[in-house]
Amino acid sequence: MTILRLPLPGGQTTIINQRPESTTIMLDAQTMFTFDAAGRLHGAFVQGSTFRRSLANAILEKRPGPPAGLSSRQRRFLTPAEVQALEQRAYDTAAEVLAHIQDQGDASAGQAPAAILAALARVASCNYDKLEDEREVYERLYKPVTILPPDQYLALYLQATEGLRLRCMQLLRLLP
């Protein structure tokens with residue numbers, strides 16, 4: 001694990017955490033983006049909401065509800081326009097951080113370990129269009145649902161019919 005604290009103009013400090021499986025960019029206590037080893041957006045935390053991206057390029061938003069606690073969290077899938085905006089923001093942030101490191105020349109680049117520079121370069125090679133292309137490949141492989149997709153290995157149940165949404169009570173009626 002490699003961590004870099006990078007002061008940005010305006011007094012803000014960005015923290016970059018690079019691991020073999022992921023890279024995280026934390027701008028402040030309210031904004032954080034996590035990318036997988038290939039540079040794809042995996043998750044985000046923005047202004048109190050948590051976002052998780054699936055291999056189908058769908059993003060689930062989880063945010064606190066009125067009463068405190070996990071049971072009151074509100075969940076919804078972002079619209080395609082919201083997905084594009086969030087992904088664009090994440091990749092713009094990563095590009096700005098990489099550009100700042102490169103603009104600082106030897107001073108900043110000397111402080112930035114090669115692993116972080118390589119990880120940020122992989123992130124910079126991704127964008128919304130690339131993720132949409134990967135979504136099409138994903139849908140060709142996993143639709144109709146015949147096998148469990150890799151990002152759903154820890155799921156509680158397998159949805160056997162494409163497009164069928166089950167509520168908890170409906171699911172319980174199906175169990176023996």
# chains A, B, ... in the order shown; residues from 1 in each chain; ligands from 1
call {"tool": "select_by_dssp", "arguments": {"residues": "region 56-86 of chain A", "states": "alpha helix (DSSP H)", "output": "JSON, numbers by chain"}}
result
{"A": [80, 81, 82, 83, 84, 85, 86]}
call {"tool": "residues_around", "arguments": {"residues": "region 79-90 of chain A", "least_positions_apart": "6", "cutoff": "7 Å", "atoms": "only C-alpha atoms", "output": "list in words"}}
result
Phe33, Ile59 and Tyr128 of chain A
call {"tool": "closest_residue", "arguments": {"among": "A:Arg75, A:Val97, A:His42, A:Ala37", "to": "Thr13 (chain A)", "atoms": "only C-alpha atoms"}}
result
A:Val97
call {"tool": "residues_around", "arguments": {"residues": "Leu60 (chain A)", "least_positions_apart": "4", "cutoff": "9 Å", "atoms": "only C-alpha atoms", "output": "MDAnalysis selection string"}}
result
chainID A and resid 50:54 75:78
call {"tool": "write_last_selection", "arguments": {"atoms": "N, CA and C atoms", "output": "PDB file, in the first residue's frame"}}
result
ATOM      1  N   THR A  50     -23.134   7.204  -0.712  1.00  0.00           N
ATOM      2  CA  THR A  50     -22.202   6.189  -1.179  1.00  0.00           C
ATOM      3  C   THR A  50     -22.704   5.675  -2.522  1.00  0.00           C
ATOM      4  N   PHE A  51     -21.788   5.507  -3.469  1.00  0.00           N
ATOM      5  CA  PHE A  51     -22.139   5.033  -4.804  1.00  0.00           C
ATOM      6  C   PHE A  51     -21.325   3.783  -5.105  1.00  0.00           C
ATOM      7  N   ARG A  52     -21.981   2.755  -5.665  1.00  0.00           N
ATOM      8  CA  ARG A  52     -21.306   1.531  -6.087  1.00  0.00           C
ATOM      9  C   ARG A  52     -21.655   1.256  -7.543  1.00  0.00           C
ATOM     10  N   ARG A  53     -20.620   1.012  -8.343  1.00  0.00           N
ATOM     11  CA  ARG A  53     -20.797   0.762  -9.770  1.00  0.00           C
ATOM     12  C   ARG A  53     -20.701  -0.735 -10.032  1.00  0.00           C
ATOM     13  N   SER A  54     -21.612  -1.263 -10.842  1.00  0.00           N
ATOM     14  CA  SER A  54     -21.588  -2.677 -11.207  1.00  0.00           C
ATOM     15  C   SER A  54     -20.874  -2.843 -12.544  1.00  0.00           C
ATOM     16  N   ARG A  75     -32.044   3.813  -1.057  1.00  0.00           N
ATOM     17  CA  ARG A  75     -31.270   3.270  -2.173  1.00  0.00           C
ATOM     18  C   ARG A  75     -32.000   3.546  -3.473  1.00  0.00           C
ATOM     19  N   ARG A  76     -31.218   3.903  -4.496  1.00  0.00           N
ATOM     20  CA  ARG A  76     -31.798   4.087  -5.821  1.00  0.00           C
ATOM     21  C   ARG A  76     -30.693   3.953  -6.853  1.00  0.00           C
ATOM     22  N   PHE A  77     -31.082   3.521  -8.058  1.00  0.00           N
ATOM     23  CA  PHE A  77     -30.139   3.471  -9.165  1.00  0.00           C
ATOM     24  C   PHE A  77     -30.141   4.819  -9.866  1.00  0.00           C
ATOM     25  N   LEU A  78     -28.956   5.296 -10.217  1.00  0.00           N
ATOM     26  CA  LEU A  78     -28.844   6.563 -10.924  1.00  0.00           C
ATOM     27  C   LEU A  78     -29.356   6.418 -12.350  1.00  0.00           C
TER      28      LEU A  78
END
call {"tool": "atom_distance", "arguments": {"atom1": "CA of Met1 (chain A)", "atom2": "CA of Gln18 (chain A)"}}
result
5.8 Å
call {"tool": "residues_around", "arguments": {"residues": "Glu136 (chain A)", "least_positions_apart": "6", "cutoff": "10 Å", "atoms": "only C-alpha atoms", "output": "list in words"}}
result
Leu55, Ala56 and Asn57 of chain A
call {"tool": "residues_around", "arguments": {"residues": "region 117-121 of chain A", "least_positions_apart": "2", "cutoff": "12 Å", "atoms": "only C-alpha atoms", "output": "ChimeraX atom specification"}}
result
/A:2-4,16-25,34-41,90-102,108-115,123-126
call {"tool": "write_last_selection", "arguments": {"atoms": "N, CA and C atoms", "output": "short mmCIF file (atom, residue, chain, number, x, y, z; two decimals), in the first residue's frame"}}
result
data_model
loop_
_atom_site.label_atom_id
_atom_site.label_comp_id
_atom_site.auth_asym_id
_atom_site.auth_seq_id
_atom_site.Cartn_x
_atom_site.Cartn_y
_atom_site.Cartn_z
N THR A 2 0.57 2.18 -0.88
CA THR A 2 1.32 3.42 -0.98
C THR A 2 0.36 4.58 -0.79
N ILE A 3 0.72 5.50 0.08
CA ILE A 3 -0.13 6.66 0.35
C ILE A 3 0.66 7.93 0.04
N LEU A 4 0.01 8.85 -0.66
CA LEU A 4 0.63 10.13 -0.99
C LEU A 4 -0.31 11.25 -0.58
N ILE A 16 -3.95 10.16 -1.82
CA ILE A 16 -4.05 9.09 -2.81
C ILE A 16 -3.55 7.82 -2.14
N ASN A 17 -4.40 6.79 -2.13
CA ASN A 17 -4.06 5.50 -1.54
C ASN A 17 -4.05 4.49 -2.67
N GLN A 18 -2.87 3.95 -2.97
CA GLN A 18 -2.74 3.00 -4.07
C GLN A 18 -2.42 1.63 -3.50
N ARG A 19 -3.24 0.66 -3.88
CA ARG A 19 -3.04 -0.74 -3.51
C ARG A 19 -2.99 -1.55 -4.80
N PRO A 20 -2.54 -2.78 -4.76
CA PRO A 20 -2.51 -3.58 -5.99
C PRO A 20 -3.89 -3.73 -6.63
N GLU A 21 -4.94 -3.78 -5.81
CA GLU A 21 -6.29 -4.01 -6.35
C GLU A 21 -7.09 -2.74 -6.56
N SER A 22 -6.63 -1.59 -6.04
CA SER A 22 -7.44 -0.38 -6.17
C SER A 22 -6.61 0.88 -5.94
N THR A 23 -7.19 1.99 -6.39
CA THR A 23 -6.62 3.32 -6.15
C THR A 23 -7.74 4.20 -5.63
N THR A 24 -7.50 4.89 -4.53
CA THR A 24 -8.49 5.78 -3.94
C THR A 24 -7.95 7.20 -3.92
N ILE A 25 -8.80 8.14 -4.35
CA ILE A 25 -8.46 9.56 -4.30
C ILE A 25 -9.45 10.21 -3.34
N THR A 34 -12.97 5.65 -5.71
CA THR A 34 -12.17 4.43 -5.72
C THR A 34 -12.25 3.81 -7.11
N PHE A 35 -11.08 3.44 -7.64
CA PHE A 35 -10.97 2.84 -8.96
C PHE A 35 -10.34 1.46 -8.81
N ASP A 36 -10.73 0.51 -9.66
CA ASP A 36 -10.13 -0.82 -9.59
C ASP A 36 -8.75 -0.79 -10.25
N ALA A 37 -8.08 -1.94 -10.28
CA ALA A 37 -6.71 -2.00 -10.79
C ALA A 37 -6.62 -1.61 -12.27
N ALA A 38 -7.71 -1.80 -13.02
CA ALA A 38 -7.71 -1.44 -14.44
C ALA A 38 -8.05 0.03 -14.66
N GLY A 39 -8.43 0.74 -13.61
CA GLY A 39 -8.76 2.16 -13.73
C GLY A 39 -10.24 2.46 -13.82
N ARG A 40 -11.08 1.42 -13.72
CA ARG A 40 -12.53 1.63 -13.78
C ARG A 40 -13.04 2.14 -12.44
N LEU A 41 -13.99 3.07 -12.48
CA LEU A 41 -14.61 3.55 -11.25
C LEU A 41 -15.30 2.38 -10.56
N ALA A 90 -15.53 11.89 -11.50
CA ALA A 90 -14.47 11.05 -10.94
C ALA A 90 -13.23 11.08 -11.83
N TYR A 91 -13.43 10.92 -13.13
CA TYR A 91 -12.28 10.89 -14.04
C TYR A 91 -11.65 12.26 -14.21
N ASP A 92 -12.44 13.32 -14.16
CA ASP A 92 -11.89 14.68 -14.20
C ASP A 92 -11.02 14.94 -12.96
N THR A 93 -11.49 14.47 -11.81
CA THR A 93 -10.72 14.63 -10.57
C THR A 93 -9.39 13.91 -10.67
N ALA A 94 -9.41 12.67 -11.15
CA ALA A 94 -8.17 11.90 -11.30
C ALA A 94 -7.22 12.57 -12.29
N ALA A 95 -7.77 13.09 -13.39
CA ALA A 95 -6.93 13.77 -14.38
C ALA A 95 -6.31 15.04 -13.81
N GLU A 96 -7.07 15.78 -13.00
CA GLU A 96 -6.54 16.99 -12.37
C GLU A 96 -5.41 16.66 -11.40
N VAL A 97 -5.58 15.60 -10.63
CA VAL A 97 -4.54 15.19 -9.68
C VAL A 97 -3.28 14.77 -10.44
N LEU A 98 -3.44 13.96 -11.49
CA LEU A 98 -2.29 13.53 -12.28
C LEU A 98 -1.61 14.73 -12.94
N ALA A 99 -2.40 15.64 -13.50
CA ALA A 99 -1.83 16.83 -14.14
C ALA A 99 -1.08 17.69 -13.13
N HIS A 100 -1.62 17.80 -11.93
CA HIS A 100 -0.95 18.60 -10.89
C HIS A 100 0.41 17.99 -10.55
N ILE A 101 0.45 16.67 -10.42
CA ILE A 101 1.73 16.00 -10.13
C ILE A 101 2.71 16.24 -11.26
N GLN A 102 2.25 16.09 -12.50
CA GLN A 102 3.13 16.27 -13.66
C GLN A 102 3.55 17.73 -13.83
N SER A 108 7.37 17.50 -7.35
CA SER A 108 6.22 16.68 -6.96
C SER A 108 6.35 15.26 -7.50
N ALA A 109 6.82 15.12 -8.73
CA ALA A 109 6.95 13.79 -9.32
C ALA A 109 7.96 12.96 -8.54
N GLY A 110 8.98 13.62 -7.97
CA GLY A 110 9.94 12.89 -7.16
C GLY A 110 9.32 12.37 -5.88
N GLN A 111 8.31 13.07 -5.36
CA GLN A 111 7.63 12.63 -4.15
C GLN A 111 6.61 11.53 -4.46
N ALA A 112 6.07 11.56 -5.66
CA ALA A 112 5.04 10.59 -6.02
C ALA A 112 5.68 9.27 -6.44
N PRO A 113 5.40 8.20 -5.71
CA PRO A 113 5.96 6.90 -6.08
C PRO A 113 5.49 6.46 -7.47
N ALA A 114 6.31 5.66 -8.11
CA ALA A 114 5.99 5.18 -9.46
C ALA A 114 4.67 4.41 -9.49
N ALA A 115 4.36 3.68 -8.42
CA ALA A 115 3.11 2.91 -8.38
C ALA A 115 1.89 3.84 -8.46
N VAL A 123 -6.06 5.04 -14.58
CA VAL A 123 -7.35 5.70 -14.36
C VAL A 123 -7.61 6.71 -15.47
N ALA A 124 -6.58 7.45 -15.85
CA ALA A 124 -6.72 8.47 -16.89
C ALA A 124 -7.07 7.85 -18.25
N SER A 125 -6.76 6.57 -18.43
CA SER A 125 -7.07 5.92 -19.71
C SER A 125 -8.53 5.48 -19.80
N CYS A 126 -9.27 5.56 -18.70
CA CYS A 126 -10.69 5.18 -18.69
C CYS A 126 -11.57 6.41 -18.85
#
call {"tool": "residues_around", "arguments": {"residues": "Gln30 (chain A)", "least_positions_apart": "2", "cutoff": "12 Å", "atoms": "only C-alpha atoms", "output": "list in words"}}
result
Thr14, Ile25, Met26, Leu27, Asp28, Met32, Phe33, Ala44, Phe45, Val46, Gln47, Gly48, Ser49 and Thr50 of chain A
call {"tool": "atom_distance", "arguments": {"atom1": "CA of Ile15 (chain A)", "atom2": "CA of Lys130 (chain A)"}}
result
25.9 Å
call {"tool": "atom_distance", "arguments": {"atom1": "CA of Lys143 (chain A)", "atom2": "CA of Leu131 (chain A)"}}
result
17.3 Å
